[in-house]
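**Student:** If you scroll down you'll find the structure; I have some questions about it.
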Amino acid sequence: YLIAPITNDDIESLLCFLRKFFFRDEPLNRCVGLLDEQPTSVDFDKYCVETIPDGFSLKAVSPSGDIIGVCLNGVVNRSDDKEEMECIDPKFRITQDLIDKIDIEADIFGRFPDVDKLIEIRVVSVDEAYRGQGIAKALLDETKRIACENGFQMIKTDATSHFTALAVSKLGYKCIYTLNYADYKDEDGKVIFTPEAPHTCVKTLVYQLN
Ligand code: ACO
C-alpha cells in the first residue's frame with residue numbers, strides 16, 4: 001500500500017469508506033448506533049470532509065487503488081474562534097458534546113503556552129481486513145513527518161478507542177487527560193456511553209515537535 005494526501009477528488013470514496021467502517025465500528029459511534037436508522041450521518045460526513053482543505057489528511061491505498069485506511073487531520077490555531085458546529089443528527093451531537101467537554105478540560109493551549117498551532121488527529125480508521133498490519137502506525141508516522149515539515153509545534157488526538165491510545169503511546173505521545181466513560185453521565189445521572197471492553201475511557205494524547 002501507499003500513503004498519500006486526501007484531496008477533493010477522494011470525497012466520495014472517503015465517505016464510502018467511513019460509512020463502511022468508522023461510522024459503524026469506532027467505539028462511540030457503535031454505542032450510539034450512528035447508522036442504525038440512517039445510511040449516513042450528514043454531520044459526521046461534514047466534520048470529516050472539512051478536514052480536507054487543511055491539507056494534512058492522509059489515506060492508505062491498496063495496490064488496486066482502494067482506500068484501506070485514513071487519518072483525518074485538522075489544523076487548530078490558538079487564535080481560532082471556537083464555534084459550536086450546528087447539528088442535524090442528534091447522534092452526532094451526543095459524541096460532539098463529549099468532544100467539546102474534553103476540549104475544555106484538556107485545555108491544550110492553556111497547558112502549553114508555547115504552542116500556537118497544532119495538528120489534531122480527528123479520525124483514524126483502517127479497513128477491518130487490513131488491521132494489525134501497521135497501517136494506522138504508518139499513517140501516524142506520516143502525520144508526524146508532515147507536521148514537522150510544516151512547522152507545527154504539536155500533534156494531539158482524543159483517542160476514543162483503547163487501540164488508538166495504545167498505538168500513539170507507543171509512538172511517544174503523552175496522555176494529558178483521561179475521562180472514564182463510566183463517569184460521563186447525563187442530567188439524570190445515567191452513564192451515556194457504555195462501549196465494549198477494552199474501551200473504558202477517552203484520552204487526550206499529545207506529541208510535542210521541535
Ligand atoms: N489488539 C491489540 N492491540 C492493537 C489492536 C488489537 N486489535 N489493534 C491495534 N493495536 C495496537 C497495537 O499496540 C499496535 O502496536 P504493535 O504493532 O506494537 O502491536 C498498534 O495498535 C498499531 O497497530 P496498527 O496495526 O498500526 O493498527 P491498525 O492498522 O490495526 O489500526 C485502528 C488501528 C485504527 C484503531 C483500527 O483498529 C480501527 O480502525 N478501529 C476502528 C475505528 C476506531 O476505533 N478508530 C479510532 C478511534 S479514535 C480516533 O479516531 C482519533
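By order of appearance in the C-alpha cells: chains A, B, ..., then residues from 1 within every chain, and ligands from 1 in the order shown.
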Give me the residues near stretch 162-167 of chain A as a list in words, where near means some atom within 10 Å (using only C-alpha atoms) and where sequence neighbours in that chain fewer than 2 positions away do not count.

**Tutor:** Pro27, Val123, Val124, Ser125, Gly134, Ala136, Lys137, Leu140, Thr157, Asp158, Ala159, Thr160, Ser169, Lys170, Leu171, Gly172, Tyr173, Lys174, Cys175, Ala197, Pro198, His199, Thr200, Cys201, Val202, Lys203, Thr204 and Leu205 of chain A

**Student:** To test your reading of the structure, identify every residue in stretch 48-155 of chain A that backbone DSSP assigns to alpha helix (DSSP H), and report it as a PyMOL selection string.

**Tutor:** chain A and resi 48-49+90-106+108-111+135-149

**Student:** Among chain A, which residues carry a DSSP assignment of strand (DSSP E or B), reported as number ranges by chain?

**Tutor:** A: 2-5, 58-61, 67-77, 117-126, 154-159, 174-180, 185, 191, 201-208

**Student:** Calculated over only C-alpha atoms, which of the candidates A:Val49, A:Leu209, A:Cys87, A:Ala60 has the smallest distance to A:Asp114?

**Tutor:**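 The closest residue to A:Asp114 is A:Leu209.
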
**Student:** Would you list the contacts of stretch 82-85 of chain A as a list in words, taking every protein, DNA or RNA residue within 10 Å and counting only C-alpha atoms, but skipping same-chain residues closer than 6 positions in sequence?

**Tutor:**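 After dropping sequence-adjacent residues, the list is Asp43, Tyr47, Val76, Arg93, Gln96, Asp97 and Asp100 of chain A.
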
**Student:** Produce a file of the selected residues containing C-alpha atoms, as a tab-separated table (two decimals), in the first residue's frame.

**Tutor:**
chain	number	residue	atom	x	y	z
A	43	ASP	CA	-22.99	15.99	10.27
A	47	TYR	CA	-16.97	17.02	10.01
A	76	VAL	CA	-6.10	24.18	15.13
A	93	ARG	CA	-24.43	15.76	18.79
A	96	GLN	CA	-19.68	16.04	19.81
A	97	ASP	CA	-20.83	17.13	23.28
A	100	ASP	CA	-16.42	19.65	23.39

**Student:** Taking into account only C-alpha atoms, which residue in the set A:Ile119, A:Asp127, A:Asp80, A:Ser161 is nearest to A:Arg19?

**Tutor:**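 Answer, going by the shortest atom-to-atom distance: A:Asp127.
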
**Student:** For A:Ile146, work out the shell of residues within 8 Å, counting only C-alpha atoms and skipping chain neighbours fewer than 4 positions away, then give it as a ChimeraX atom specification.

**Tutor:** /A:56,142,150

**Student:** State, in Å with one decimal place, the distance from atom CA of A:Glu187 to atom CA of A:Ile102.

**Tutor:** 17.5 Å

**Student:** One decimal, in Å: what's the spacing between atom 5 (C, counted along the ligand's line) of ligand 1 and atom CA of A:Gln133?

**Tutor:**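 Going from atom 5 (C, counted along the ligand's line) of ligand 1 over to atom CA of A:Gln133, I get 9.4 Å.
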
**Student:** Just to confirm, what's the straight-line distance from atom CA of A:Cys48 to atom 11 (C, counted along the ligand's line) of ligand 1 in Å (one decimal)?

**Tutor:**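 Those two atoms sit 23.0 Å apart.
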
**Student:** Give me, as a list in words, all polymer residues having an atom no more than 9 Å from stretch 6-8 of chain A, counting only C-alpha atoms and skipping those fewer than 5 positions away in the same chain.

**Tutor:**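 Surrounding residues, per the criterion: Leu14, Val49, Ile52, Pro53, Gly55, Phe56, Ser57, Leu58, Lys59, Val70 and Leu72 of chain A.
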
**Student:** Do you know which residues are at most 9 Å from A:Val42 counting only C-alpha atoms, after dropping those on the same chain fewer than 2 positions away, and could you put them as a PDB file with N, CA and C atoms, in the first residue's frame?

**Tutor:**
ATOM      1  N   THR A  40     -26.256   7.416   6.481  1.00  0.00           N
ATOM      2  CA  THR A  40     -25.050   8.138   6.889  1.00  0.00           C
ATOM      3  C   THR A  40     -25.446   9.198   7.903  1.00  0.00           C
ATOM      4  N   PHE A  44     -21.560  14.050  10.489  1.00  0.00           N
ATOM      5  CA  PHE A  44     -20.255  13.384  10.559  1.00  0.00           C
ATOM      6  C   PHE A  44     -19.553  13.462   9.197  1.00  0.00           C
ATOM      7  N   ASP A  45     -20.341  13.321   8.106  1.00  0.00           N
ATOM      8  CA  ASP A  45     -19.782  13.486   6.754  1.00  0.00           C
ATOM      9  C   ASP A  45     -19.083  14.846   6.664  1.00  0.00           C
ATOM     10  N   LYS A  46     -19.812  15.873   7.105  1.00  0.00           N
ATOM     11  CA  LYS A  46     -19.320  17.248   7.001  1.00  0.00           C
ATOM     12  C   LYS A  46     -18.053  17.418   7.853  1.00  0.00           C
ATOM     13  N   TYR A  47     -18.100  16.927   9.066  1.00  0.00           N
ATOM     14  CA  TYR A  47     -16.966  17.022  10.007  1.00  0.00           C
ATOM     15  C   TYR A  47     -15.703  16.426   9.380  1.00  0.00           C
ATOM     16  N   CYS A  87     -25.826  21.085  14.369  1.00  0.00           N
ATOM     17  CA  CYS A  87     -26.070  19.653  14.146  1.00  0.00           C
ATOM     18  C   CYS A  87     -27.493  19.363  13.742  1.00  0.00           C
ATOM     19  N   ILE A  88     -27.621  18.468  12.770  1.00  0.00           N
ATOM     20  CA  ILE A  88     -28.944  17.982  12.361  1.00  0.00           C
ATOM     21  C   ILE A  88     -29.150  16.610  12.985  1.00  0.00           C
ATOM     22  N   ASP A  89     -28.043  15.857  13.059  1.00  0.00           N
ATOM     23  CA  ASP A  89     -28.104  14.474  13.529  1.00  0.00           C
ATOM     24  C   ASP A  89     -27.904  14.420  15.050  1.00  0.00           C
ATOM     25  N   PHE A  92     -24.835  12.421  16.313  1.00  0.00           N
ATOM     26  CA  PHE A  92     -23.539  13.101  16.181  1.00  0.00           C
ATOM     27  C   PHE A  92     -23.369  14.095  17.332  1.00  0.00           C
TER      28      PHE A  92
END

**Student:** Rank A:Ile68, A:Leu34, A:Leu18, A:Leu28 by their smallest atom-to-atom distance to A:Arg131, using only C-alpha atoms, and report the top residue only.

**Tutor:**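 The answer is A:Ile68, which sits nearest to A:Arg131.
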
**Student:** Please list as a ChimeraX atom specification every residue within 10 Å of A:Ser79, counting only C-alpha atoms and excluding residues in the same chain fewer than 6 positions away.

**Tutor:** /A:109,116-117
